[in-house]
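Okay, protein.cif now, which holds mmCIF, C-alpha atoms:
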```
data_start
loop_
_atom_site.group_PDB
_atom_site.id
_atom_site.type_symbol
_atom_site.label_atom_id
_atom_site.label_comp_id
_atom_site.auth_asym_id
_atom_site.auth_seq_id
_atom_site.Cartn_x
_atom_site.Cartn_y
_atom_site.Cartn_z
ATOM 1 C CA MET D 1 74.288 113.898 216.641
ATOM 2 C CA THR D 2 73.486 111.328 213.969
ATOM 3 C CA ILE D 3 75.442 108.696 212.047
ATOM 4 C CA THR D 4 74.695 110.576 208.828
ATOM 5 C CA GLN D 5 76.196 113.770 210.205
ATOM 6 C CA LEU D 6 79.339 111.917 211.189
ATOM 7 C CA GLN D 7 79.582 110.379 207.718
ATOM 8 C CA TYR D 8 79.336 113.827 206.155
ATOM 9 C CA VAL D 9 82.092 115.111 208.445
ATOM 10 C CA LEU D 10 84.410 112.339 207.298
ATOM 11 C CA ALA D 11 83.587 113.036 203.664
ATOM 12 C CA VAL D 12 84.528 116.718 203.976
ATOM 13 C CA ALA D 13 87.659 115.826 205.937
ATOM 14 C CA LYS D 14 88.663 113.426 203.158
ATOM 15 C CA TYR D 15 87.955 115.610 200.125
ATOM 16 C CA LYS D 16 88.598 119.022 201.756
ATOM 17 C CA ASN D 17 85.742 120.422 199.727
ATOM 18 C CA PHE D 18 82.021 120.600 200.591
ATOM 19 C CA THR D 19 80.842 120.285 196.988
ATOM 20 C CA ILE D 20 82.954 117.216 196.204
ATOM 21 C CA ALA D 21 82.057 115.650 199.576
ATOM 22 C CA ALA D 22 78.366 116.127 198.787
ATOM 23 C CA GLU D 23 78.771 114.512 195.354
ATOM 24 C CA LYS D 24 80.584 111.534 196.840
ATOM 25 C CA SER D 25 77.882 111.253 199.523
ATOM 26 C CA PHE D 26 75.080 111.459 196.906
ATOM 27 C CA VAL D 27 73.399 114.470 198.511
ATOM 28 C CA THR D 28 73.162 118.136 197.623
ATOM 29 C CA GLN D 29 75.805 120.488 198.934
ATOM 30 C CA PRO D 30 73.287 122.566 200.993
ATOM 31 C CA THR D 31 71.990 119.391 202.671
ATOM 32 C CA LEU D 32 75.474 118.246 203.631
ATOM 33 C CA SER D 33 76.478 121.707 204.871
ATOM 34 C CA MET D 34 73.301 122.088 206.933
ATOM 35 C CA GLN D 35 73.789 118.735 208.680
ATOM 36 C CA ILE D 36 77.394 119.541 209.578
ATOM 37 C CA GLN D 37 76.355 122.970 210.862
ATOM 38 C CA LYS D 38 73.716 121.295 213.067
ATOM 39 C CA LEU D 39 76.386 119.052 214.538
ATOM 40 C CA GLU D 40 78.701 122.003 215.163
ATOM 41 C CA SER D 41 75.868 123.986 216.772
ATOM 42 C CA GLU D 42 74.949 121.077 219.033
ATOM 43 C CA PHE D 43 78.442 121.113 220.573
ATOM 44 C CA THR D 44 79.189 124.820 220.006
ATOM 45 C CA ILE D 45 82.334 124.113 218.007
ATOM 46 C CA GLU D 46 83.721 124.596 214.518
ATOM 47 C CA ILE D 47 84.999 121.383 212.948
ATOM 48 C CA PHE D 48 86.287 123.007 209.762
ATOM 49 C CA ASP D 49 88.150 126.216 208.984
ATOM 50 C CA ARG D 50 86.022 127.303 206.041
ATOM 51 C CA GLN D 51 88.239 130.310 205.254
ATOM 52 C CA SER D 52 91.200 128.201 204.173
ATOM 53 C CA GLN D 53 91.589 126.744 200.683
ATOM 54 C CA PRO D 54 91.480 123.822 200.664
ATOM 55 C CA ILE D 55 89.308 123.474 203.754
ATOM 56 C CA LYS D 56 91.226 122.496 206.888
ATOM 57 C CA LEU D 57 90.251 120.893 210.165
ATOM 58 C CA THR D 58 90.342 123.014 213.279
ATOM 59 C CA LYS D 59 92.218 121.737 216.312
ATOM 60 C CA ILE D 60 89.034 120.326 217.859
ATOM 61 C CA GLY D 61 87.986 119.170 214.388
ATOM 62 C CA GLU D 62 91.010 116.891 214.193
ATOM 63 C CA LEU D 63 89.947 115.229 217.457
ATOM 64 C CA VAL D 64 86.335 114.950 216.280
ATOM 65 C CA VAL D 65 87.353 113.294 213.007
ATOM 66 C CA LYS D 66 89.623 110.831 214.779
ATOM 67 C CA GLN D 67 86.837 109.844 217.156
ATOM 68 C CA THR D 68 84.295 109.750 214.306
ATOM 69 C CA GLU D 69 86.413 107.218 212.459
ATOM 70 C CA SER D 70 86.390 104.960 215.531
ATOM 71 C CA ILE D 71 82.624 105.385 216.025
ATOM 72 C CA LEU D 72 81.754 104.545 212.419
ATOM 73 C CA LYS D 73 84.059 101.527 212.445
ATOM 74 C CA GLU D 74 82.193 100.174 215.456
ATOM 75 C CA VAL D 75 78.830 100.955 213.850
ATOM 76 C CA ASN D 76 79.857 99.003 210.761
ATOM 77 C CA ARG D 77 81.093 96.144 212.916
ATOM 78 C CA MET D 78 77.741 96.009 214.705
ATOM 79 C CA LYS D 79 75.873 95.953 211.388
ATOM 80 C CA ALA D 80 78.129 93.166 210.141
ATOM 81 C CA MET D 81 77.607 91.182 213.367
ATOM 82 C CA ILE D 82 73.816 91.424 213.071
ATOM 83 C CA MET D 83 73.772 90.475 209.385
ATOM 84 C CA GLU D 84 76.116 87.575 210.038
ATOM 85 C CA ASP D 85 73.827 86.304 212.795
ATOM 86 C CA LYS D 86 70.962 86.349 210.306
ATOM 87 C CA GLY D 87 73.025 84.629 207.624
ATOM 88 C CA ASP D 88 72.281 87.641 205.419
ATOM 89 C CA LEU D 89 74.565 88.068 202.402
ATOM 90 C CA SER D 90 72.902 91.235 201.140
ATOM 91 C CA GLY D 91 74.841 94.475 201.033
ATOM 92 C CA THR D 92 78.248 95.514 199.754
ATOM 93 C CA PHE D 93 81.480 93.589 200.234
ATOM 94 C CA ILE D 94 84.789 95.076 199.091
ATOM 95 C CA LEU D 95 87.436 92.604 197.973
ATOM 96 C CA GLY D 96 91.058 93.568 197.251
ATOM 97 C CA ILE D 97 92.989 91.291 194.866
ATOM 98 C CA ILE D 98 96.647 91.512 193.850
ATOM 99 C CA PRO D 99 97.417 92.306 190.170
ATOM 100 C CA THR D 100 98.960 88.903 189.380
ATOM 101 C CA VAL D 101 95.804 87.067 190.506
ATOM 102 C CA LEU D 102 92.926 89.369 189.533
ATOM 103 C CA PRO D 103 92.943 89.065 185.691
ATOM 104 C CA SER D 104 92.967 85.276 185.653
ATOM 105 C CA LEU D 105 90.773 84.532 188.683
ATOM 106 C CA VAL D 106 87.970 87.113 188.595
ATOM 107 C CA PRO D 107 86.589 86.166 185.135
ATOM 108 C CA LEU D 108 86.327 82.578 186.342
ATOM 109 C CA PHE D 109 84.122 83.181 189.379
ATOM 110 C CA LEU D 110 82.436 86.602 189.196
ATOM 111 C CA LYS D 111 79.492 85.728 186.944
ATOM 112 C CA THR D 112 78.770 82.565 188.949
ATOM 113 C CA PHE D 113 78.927 84.442 192.245
ATOM 114 C CA ASN D 114 76.656 87.265 191.051
ATOM 115 C CA LYS D 115 74.114 84.780 189.738
ATOM 116 C CA ARG D 116 74.102 82.769 192.968
ATOM 117 C CA TYR D 117 73.955 85.822 195.261
ATOM 118 C CA PRO D 118 72.060 88.572 193.382
ATOM 119 C CA ASN D 119 71.514 90.644 196.542
ATOM 120 C CA THR D 120 75.240 90.923 197.195
ATOM 121 C CA ASN D 121 77.137 93.846 195.720
ATOM 122 C CA LEU D 122 80.699 92.594 195.304
ATOM 123 C CA VAL D 123 83.175 95.429 194.708
ATOM 124 C CA ILE D 124 86.623 94.306 193.500
ATOM 125 C CA LYS D 125 89.743 96.473 193.733
ATOM 126 C CA GLU D 126 93.151 95.748 192.254
ATOM 127 C CA LEU D 127 95.599 96.374 195.086
ATOM 128 C CA LYS D 128 99.143 95.350 195.945
ATOM 129 C CA THR D 129 99.799 93.224 199.006
ATOM 130 C CA ASP D 130 100.818 96.086 201.294
ATOM 131 C CA GLU D 131 97.781 98.100 200.158
ATOM 132 C CA ILE D 132 95.441 95.204 200.969
ATOM 133 C CA ILE D 133 96.897 94.816 204.459
ATOM 134 C CA ALA D 134 96.680 98.566 205.132
ATOM 135 C CA GLN D 135 93.082 98.829 203.883
ATOM 136 C CA LEU D 136 91.991 95.783 205.882
ATOM 137 C CA LYS D 137 93.354 97.476 208.983
ATOM 138 C CA GLU D 138 91.592 100.725 208.095
ATOM 139 C CA ASN D 139 88.377 98.797 207.391
ATOM 140 C CA THR D 140 88.088 100.271 203.880
ATOM 141 C CA ILE D 141 87.994 96.765 202.354
ATOM 142 C CA ASP D 142 86.501 93.595 203.842
ATOM 143 C CA PHE D 143 88.664 90.805 202.419
ATOM 144 C CA GLY D 144 91.760 90.303 200.305
ATOM 145 C CA ILE D 145 93.036 87.632 197.941
ATOM 146 C CA LEU D 146 96.815 87.377 197.667
ATOM 147 C CA VAL D 147 99.872 85.176 198.046
ATOM 148 C CA THR D 148 100.468 83.756 201.510
ATOM 149 C CA PRO D 149 101.759 83.085 204.101
ATOM 150 C CA LEU D 150 102.018 86.646 205.424
ATOM 151 C CA LEU D 151 103.111 85.795 208.978
ATOM 152 C CA ASN D 152 100.957 88.634 210.346
ATOM 153 C CA GLU D 153 99.293 87.814 213.653
ATOM 154 C CA ASN D 154 96.458 90.278 212.954
ATOM 155 C CA ILE D 155 95.536 88.610 209.652
ATOM 156 C CA VAL D 156 93.468 85.438 209.288
ATOM 157 C CA GLU D 157 94.362 83.352 206.209
ATOM 158 C CA LYS D 158 92.343 80.648 204.466
ATOM 159 C CA VAL D 159 93.962 78.893 201.515
ATOM 160 C CA LEU D 160 91.946 79.001 198.285
ATOM 161 C CA TYR D 161 94.279 77.020 196.048
ATOM 162 C CA TYR D 162 97.866 76.259 195.127
ATOM 163 C CA GLU D 163 98.913 77.594 191.734
ATOM 164 C CA PRO D 164 101.927 76.052 189.979
ATOM 165 C CA MET D 165 104.278 78.175 187.895
ATOM 166 C CA VAL D 166 105.124 77.463 184.267
ATOM 167 C CA ALA D 167 107.786 78.802 181.938
ATOM 168 C CA TYR D 168 107.213 80.690 178.698
ATOM 169 C CA VAL D 169 110.137 79.743 176.446
ATOM 170 C CA PRO D 170 110.049 81.049 172.836
ATOM 171 C CA ARG D 171 111.130 78.720 170.030
ATOM 172 C CA ASN D 172 114.511 80.354 169.446
ATOM 173 C CA HIS D 173 115.483 80.150 173.127
ATOM 174 C CA LYS D 174 118.293 77.877 174.329
ATOM 175 C CA LEU D 175 115.853 75.920 176.534
ATOM 176 C CA ALA D 176 113.213 75.439 173.819
ATOM 177 C CA SER D 177 114.394 71.927 173.017
ATOM 178 C CA LYS D 178 113.687 70.669 176.528
ATOM 179 C CA SER D 179 110.462 68.771 177.199
ATOM 180 C CA ILE D 180 110.392 69.666 180.900
ATOM 181 C CA LEU D 181 112.338 72.140 183.016
ATOM 182 C CA GLU D 182 114.363 71.741 186.163
ATOM 183 C CA GLN D 183 114.759 74.714 188.483
ATOM 184 C CA ASN D 184 118.528 74.651 187.964
ATOM 185 C CA ASP D 185 117.944 75.282 184.232
ATOM 186 C CA LEU D 186 116.978 78.836 185.067
ATOM 187 C CA ASP D 187 119.351 81.762 184.528
ATOM 188 C CA VAL D 188 118.291 84.853 186.476
ATOM 189 C CA ASP D 189 119.797 87.153 183.811
ATOM 190 C CA ASP D 190 117.687 85.490 181.120
ATOM 191 C CA ILE D 191 114.294 85.834 182.864
ATOM 192 C CA LEU D 192 111.959 88.735 182.139
ATOM 193 C CA LEU D 193 110.426 89.907 185.404
ATOM 194 C CA LEU D 194 107.483 91.917 186.628
ATOM 195 C CA LYS D 195 108.476 95.303 188.019
ATOM 196 C CA ASP D 196 109.111 95.952 191.714
ATOM 197 C CA GLY D 197 106.050 95.829 193.943
ATOM 198 C CA ASN D 198 104.671 92.603 192.479
ATOM 199 C CA CYS D 199 105.143 89.665 194.814
ATOM 200 C CA PHE D 200 105.342 87.292 191.835
ATOM 201 C CA LYS D 201 108.700 88.853 190.974
ATOM 202 C CA GLU D 202 110.014 87.683 194.347
ATOM 203 C CA ASN D 203 108.497 84.232 193.744
ATOM 204 C CA VAL D 204 110.449 83.961 190.488
ATOM 205 C CA LEU D 205 113.711 85.245 191.971
ATOM 206 C CA ASN D 206 113.383 82.663 194.735
ATOM 207 C CA LEU D 207 113.360 79.952 192.054
ATOM 208 C CA CYS D 208 116.820 81.081 191.001
ATOM 209 C CA GLY D 209 118.202 80.476 194.469
ATOM 210 C CA LYS D 210 121.331 82.451 195.281
ATOM 211 C CA GLN D 211 121.890 83.742 191.742
ATOM 212 C CA THR D 212 122.381 87.502 191.465
ATOM 213 C CA ARG D 213 121.538 89.550 188.409
ATOM 214 C CA LYS D 214 124.602 90.630 186.399
ATOM 215 C CA ASN D 215 123.022 91.696 183.126
ATOM 216 C CA THR D 216 122.808 95.466 182.733
ATOM 217 C CA LEU D 217 119.703 95.058 180.550
ATOM 218 C CA ASN D 218 117.054 94.276 183.162
ATOM 219 C CA MET D 219 113.742 94.119 181.314
ATOM 220 C CA GLU D 220 110.857 94.506 183.757
ATOM 221 C CA SER D 221 107.164 95.219 183.180
ATOM 222 C CA GLY D 222 103.867 95.549 185.013
ATOM 223 C CA SER D 223 102.012 92.975 182.906
ATOM 224 C CA PHE D 224 102.487 89.363 181.861
ATOM 225 C CA SER D 225 101.381 90.121 178.294
ATOM 226 C CA THR D 226 104.272 92.569 177.895
ATOM 227 C CA LEU D 227 106.729 90.001 179.245
ATOM 228 C CA ILE D 228 105.447 87.434 176.737
ATOM 229 C CA ASN D 229 105.790 89.931 173.881
ATOM 230 C CA LEU D 230 109.349 90.737 174.946
ATOM 231 C CA ALA D 231 110.195 87.039 175.110
ATOM 232 C CA ASP D 232 108.859 86.559 171.585
ATOM 233 C CA GLU D 233 111.131 89.409 170.457
ATOM 234 C CA GLY D 234 114.192 87.511 171.700
ATOM 235 C CA PHE D 235 114.797 89.230 175.040
ATOM 236 C CA GLY D 236 114.710 85.999 177.059
ATOM 237 C CA MET D 237 112.052 83.838 178.728
ATOM 238 C CA THR D 238 109.587 84.451 181.520
ATOM 239 C CA ILE D 239 107.698 82.629 184.263
ATOM 240 C CA LEU D 240 103.887 82.670 184.484
ATOM 241 C CA PRO D 241 101.242 81.529 186.969
ATOM 242 C CA SER D 242 99.446 78.562 185.414
ATOM 243 C CA LEU D 243 96.050 80.302 185.256
ATOM 244 C CA ILE D 244 97.611 83.138 183.256
ATOM 245 C CA SER D 245 99.092 80.613 180.823
ATOM 246 C CA GLU D 246 95.618 79.253 180.066
ATOM 247 C CA ASP D 247 94.527 82.639 178.700
ATOM 248 C CA ILE D 248 97.246 83.046 176.072
ATOM 249 C CA SER D 249 96.677 82.140 172.404
ATOM 250 C CA GLU D 250 96.885 78.538 171.230
ATOM 251 C CA SER D 251 99.946 79.327 169.104
ATOM 252 C CA ARG D 252 101.760 80.738 172.121
ATOM 253 C CA LYS D 253 100.823 77.786 174.321
ATOM 254 C CA LYS D 254 103.345 75.829 172.270
ATOM 255 C CA ASN D 255 105.992 77.843 174.095
ATOM 256 C CA ILE D 256 104.850 76.754 177.577
ATOM 257 C CA LEU D 257 107.138 74.394 179.457
ATOM 258 C CA LEU D 258 106.210 72.672 182.721
ATOM 259 C CA PHE D 259 108.563 72.194 185.660
ATOM 260 C CA ASN D 260 109.599 68.800 186.960
ATOM 261 C CA ASN D 261 108.470 67.799 190.466
ATOM 262 C CA PRO D 262 108.577 69.346 192.960
ATOM 263 C CA VAL D 263 106.769 71.975 190.915
ATOM 264 C CA PRO D 264 107.300 75.600 192.054
ATOM 265 C CA THR D 265 103.963 76.725 193.397
ATOM 266 C CA ARG D 266 102.413 79.766 195.025
ATOM 267 C CA GLU D 267 99.777 79.652 197.764
ATOM 268 C CA ILE D 268 96.725 81.843 197.102
ATOM 269 C CA SER D 269 94.528 82.682 200.090
ATOM 270 C CA ILE D 270 91.584 84.812 201.087
ATOM 271 C CA ILE D 271 92.488 86.940 204.091
ATOM 272 C CA HIS D 272 90.771 89.274 206.535
ATOM 273 C CA TYR D 273 91.552 91.202 209.673
ATOM 274 C CA HIS D 274 91.085 89.283 212.922
ATOM 275 C CA ASN D 275 87.941 91.232 213.884
ATOM 276 C CA GLN D 276 86.009 90.502 210.672
ATOM 277 C CA PHE D 277 82.494 89.151 211.330
ATOM 278 C CA ARG D 278 81.343 88.173 207.849
ATOM 279 C CA ASP D 279 82.350 84.498 207.845
ATOM 280 C CA THR D 280 79.285 83.465 205.840
ATOM 281 C CA PHE D 281 80.375 85.607 202.899
ATOM 282 C CA LYS D 282 83.897 84.198 203.106
ATOM 283 C CA THR D 283 82.611 80.628 203.204
ATOM 284 C CA GLU D 284 80.335 81.126 200.202
ATOM 285 C CA LEU D 285 83.010 82.939 198.177
ATOM 286 C CA ILE D 286 85.462 80.107 198.832
ATOM 287 C CA LYS D 287 82.862 77.574 197.658
ATOM 288 C CA VAL D 288 82.287 79.466 194.426
ATOM 289 C CA ILE D 289 85.984 79.998 193.659
ATOM 290 C CA GLN D 290 86.996 76.431 194.434
ATOM 291 C CA GLY D 291 84.005 75.163 192.481
ATOM 292 C CA VAL D 292 84.949 76.960 189.270
ATOM 293 C CA ILE D 293 88.643 76.064 189.417
ATOM 294 C CA ARG D 294 88.127 72.451 190.488
ATOM 295 C CA GLY D 295 90.152 70.223 188.193
ATOM 296 C CA LYS D 296 92.484 73.089 187.241
ATOM 297 C CA LEU D 297 94.319 73.536 190.536
ATOM 298 C CA GLN D 298 94.749 71.798 193.875
ATOM 299 C CA PHE D 299 93.375 72.919 197.234
ATOM 300 C CA SER D 300 96.006 71.138 199.318
ATOM 301 C CA SER D 301 99.788 71.555 199.484
ATOM 302 C CA ASN D 302 100.269 67.791 199.698
ATOM 303 C CA ASN D 303 102.007 66.368 196.624
ATOM 304 C CA VAL D 304 101.458 69.399 194.437
ATOM 305 C CA THR D 305 102.141 68.314 190.881
ATOM 306 C CA ALA D 306 102.326 69.993 187.504
ATOM 307 C CA PRO D 307 99.152 71.870 186.500
ATOM 308 C CA THR D 308 96.526 70.312 184.294
ATOM 309 C CA ILE D 309 97.049 72.455 181.194
ATOM 310 C CA SER D 310 96.092 71.431 177.698
ATOM 311 C CA LEU D 311 99.248 72.169 175.728
ATOM 312 C CA PRO D 312 99.409 72.015 171.918
ATOM 313 C CA ILE D 313 101.930 69.599 170.421
ATOM 314 C CA LYS D 314 105.163 71.420 169.579
#
```
Let me see the structure of the file written as structure tokens.
Amino acid sequence: MTITQLQYVLAVAKYKNFTIAAEKSFVTQPTLSMQIQKLESEFTIEIFDRQSQPIKLTKIGELVVKQTESILKEVNRMKAMIMEDKGDLSGTFILGIIPTVLPSLVPLFLKTFNKRYPNTNLVIKELKTDEIIAQLKENTIDFGILVTPLLNENIVEKVLYYEPMVAYVPRNHKLASKSILEQNDLDVDDILLLKDGNCFKENVLNLCGKQTRKNTLNMESGSFSTLINLADEGFGMTILPSLISEDISESRKKNILLFNNPVPTREISIIHYHNQFRDTFKTELIKVIQGVIRGKLQFSSNNVTAPTISLPIK
């Protein structure tokens, strides 16, 4: 029995097809099949029912796959422990980032990180919060970046920064004449929201306190750019994370309004499962991210103030 054989078993169990499993494993189909057959012969069992379409696990095959998953997790943990002891940042790290953070944060740090650590293969996935937590538990990603706190005893959180929220208020809007916003200026029926599943939607609704939506026209979208376009078309206003607001056009920045203190803010953290060994990677990634956003955002929750955003004169 070899680690490679076990990896091939998991691949076939996942894709339910020997040819696809071989492609995903970067080997030929005969090679993959031969190695699995060797494993089956060693224990005089059949892991897969090859007569079914798609391929199914046999009864003993289900037990083998379950145990294989545990074995490979421990193998990966041992590799991570050894590399961490050496201070070695080579290899692949998989990072899950929520959709409302990824487009504004990744362009800021990725080039710097890759240049500083050329032997590290950083794979970034756009995942929702519940997907990040599930994949951390399954050990299919190494770290996540999302909004905290999560209040999950199995998750370790380290704050990266605190990101204030700003309002996008088009010129013809009833609040456009204001120079700064108070939270009680907000009308929940007048705010364009991200669709369900985005934690930023909940952040925005929390700003509106106990207000309940009454408007039958609830405009929701999966992207901030769509919300901005809808606001410009007269469908209301919207709330943006401050880093997102820096990426909009100069003409549209005239429509950005800041909130009065205490500024509504979201906490962005890097997280990992409690049994993660790669602290060196986490430490270096935090250094890079905080280095590139220094001056834009704060790293402490104490006295969080309005973001430093260069706004055009209205």
Inset, instruction - Would you kindly translate the PyMOL selection byres ((chain D and resi 146) around 6) into the concrete residues it picks from this file, as a list in words? - result: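 Applied to this file, the PyMOL selection byres ((chain D and resi 146) around 6) returns Ile98, Ile145, Val147, Ile268 and Ser269 of chain D.
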Inset, instruction - For the file shown, report as a list in words the outcome of the PyMOL selection byres ((chain D and resi 267) around 10) at residue level. - result: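 On this input, the PyMOL selection byres ((chain D and resi 267) around 10) captures Leu146, Val147, Thr148, Pro149, Val159, Leu160, Tyr161, Tyr162, Glu163, Pro164, Thr265, Arg266, Ile268, Ser269, Phe299, Ser300 and Ser301 of chain D.
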Inset, instruction - To verify the selection step, state as a VMD selection string which residues the PyMOL selection byres ((chain D and resi 154) around 9) yields on this input. - result: chain D and resid 137 151 to 153 155 to 156 272 to 275
Could I get the residues of region 33-137 of chain D with an atom no further than 10 Å from an atom of region 5-27 of chain D, each paired with its nearest atom pair and that distance in Å to one decimal, using all atoms listed in the file, sorted by chain and residue number, as CSV?
```
residue,atom,partner,partner_atom,distance
D:Ser33,CA,D:Phe18,CA,7.1
D:Met34,CA,D:Gln5,CA,9.4
D:Gln35,CA,D:Gln5,CA,5.7
D:Ile36,CA,D:Gln5,CA,5.9
D:Gln37,CA,D:Gln5,CA,9.2
D:Lys38,CA,D:Gln5,CA,8.4
D:Leu39,CA,D:Gln5,CA,6.8
D:Glu40,CA,D:Gln5,CA,9.9
D:Ile47,CA,D:Val9,CA,8.3
D:Phe48,CA,D:Ala13,CA,8.3
D:Arg50,CA,D:Asn17,CA,9.3
D:Ser52,CA,D:Lys16,CA,9.8
D:Gln53,CA,D:Lys16,CA,8.4
D:Pro54,CA,D:Lys16,CA,5.7
D:Ile55,CA,D:Lys16,CA,4.9
D:Lys56,CA,D:Lys16,CA,6.7
D:Leu57,CA,D:Ala13,CA,7.1
D:Gly61,CA,D:Ala13,CA,9.1
D:Glu62,CA,D:Ala13,CA,9.0
D:Val64,CA,D:Val9,CA,8.9
D:Val65,CA,D:Leu10,CA,6.5
D:Lys66,CA,D:Leu10,CA,9.2
D:Gln67,CA,D:Leu6,CA,9.8
D:Thr68,CA,D:Leu6,CA,6.2
D:Glu69,CA,D:Leu10,CA,7.5
D:Ile71,CA,D:Leu6,CA,8.8
D:Leu72,CA,D:Gln7,CA,7.8
```
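As for CA of Val292 (chain D) and CA of Asn114 (chain D), they are spaced 13.3 Å apart.
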Legend entry - Who sits within 7 Å of Glu126 (chain D), all atoms listed in the file, same chain under 5 positions skipped, as a ChimeraX atom specification: /D:96-99,102
Write the residues you've just listed into a file as a compact mmCIF listing (two decimals), in the frame of the given file, and include C-alpha atoms for each of them.
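Just written: result29.txt:
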```
# COMPACT_ATOMS: atom_id res chain seq x y z
CA GLY D 96 91.06 93.57 197.25
CA ILE D 97 92.99 91.29 194.87
CA ILE D 98 96.65 91.51 193.85
CA PRO D 99 97.42 92.31 190.17
CA LEU D 102 92.93 89.37 189.53
```
Inset, instruction - Work out how far CA of Ile141 (chain D) is from CA of Asp279 (chain D), in Å to one decimal. - result: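 Pair CA of Asp279 (chain D) / CA of Ile141 (chain D) returns 14.6 Å.
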Legend entry - Counting all atoms listed in the file, the residue of D:Ile286, D:Leu257, D:Leu136, D:Leu194 that sits nearest Ser245 (chain D):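 Nearest candidate to Ser245 (chain D) out of D:Ile286, D:Leu257, D:Leu136, D:Leu194: D:Leu257.
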Inset, instruction - Quote the spacing between CA of Thr58 (chain D) and CA of Lys73 (chain D) in Å to one decimal place. - result: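 Interatomic distance, CA of Thr58 (chain D) to CA of Lys73 (chain D): 22.4 Å.
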Inset, instruction - Go through D:Val75, D:Leu285, D:Ile191, D:Ile248 and flag the residue nearest Thr120 (chain D), using only C-alpha atoms for the distances. - result: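 Among the listed residues, the smallest separation from Thr120 (chain D) belongs to D:Leu285.
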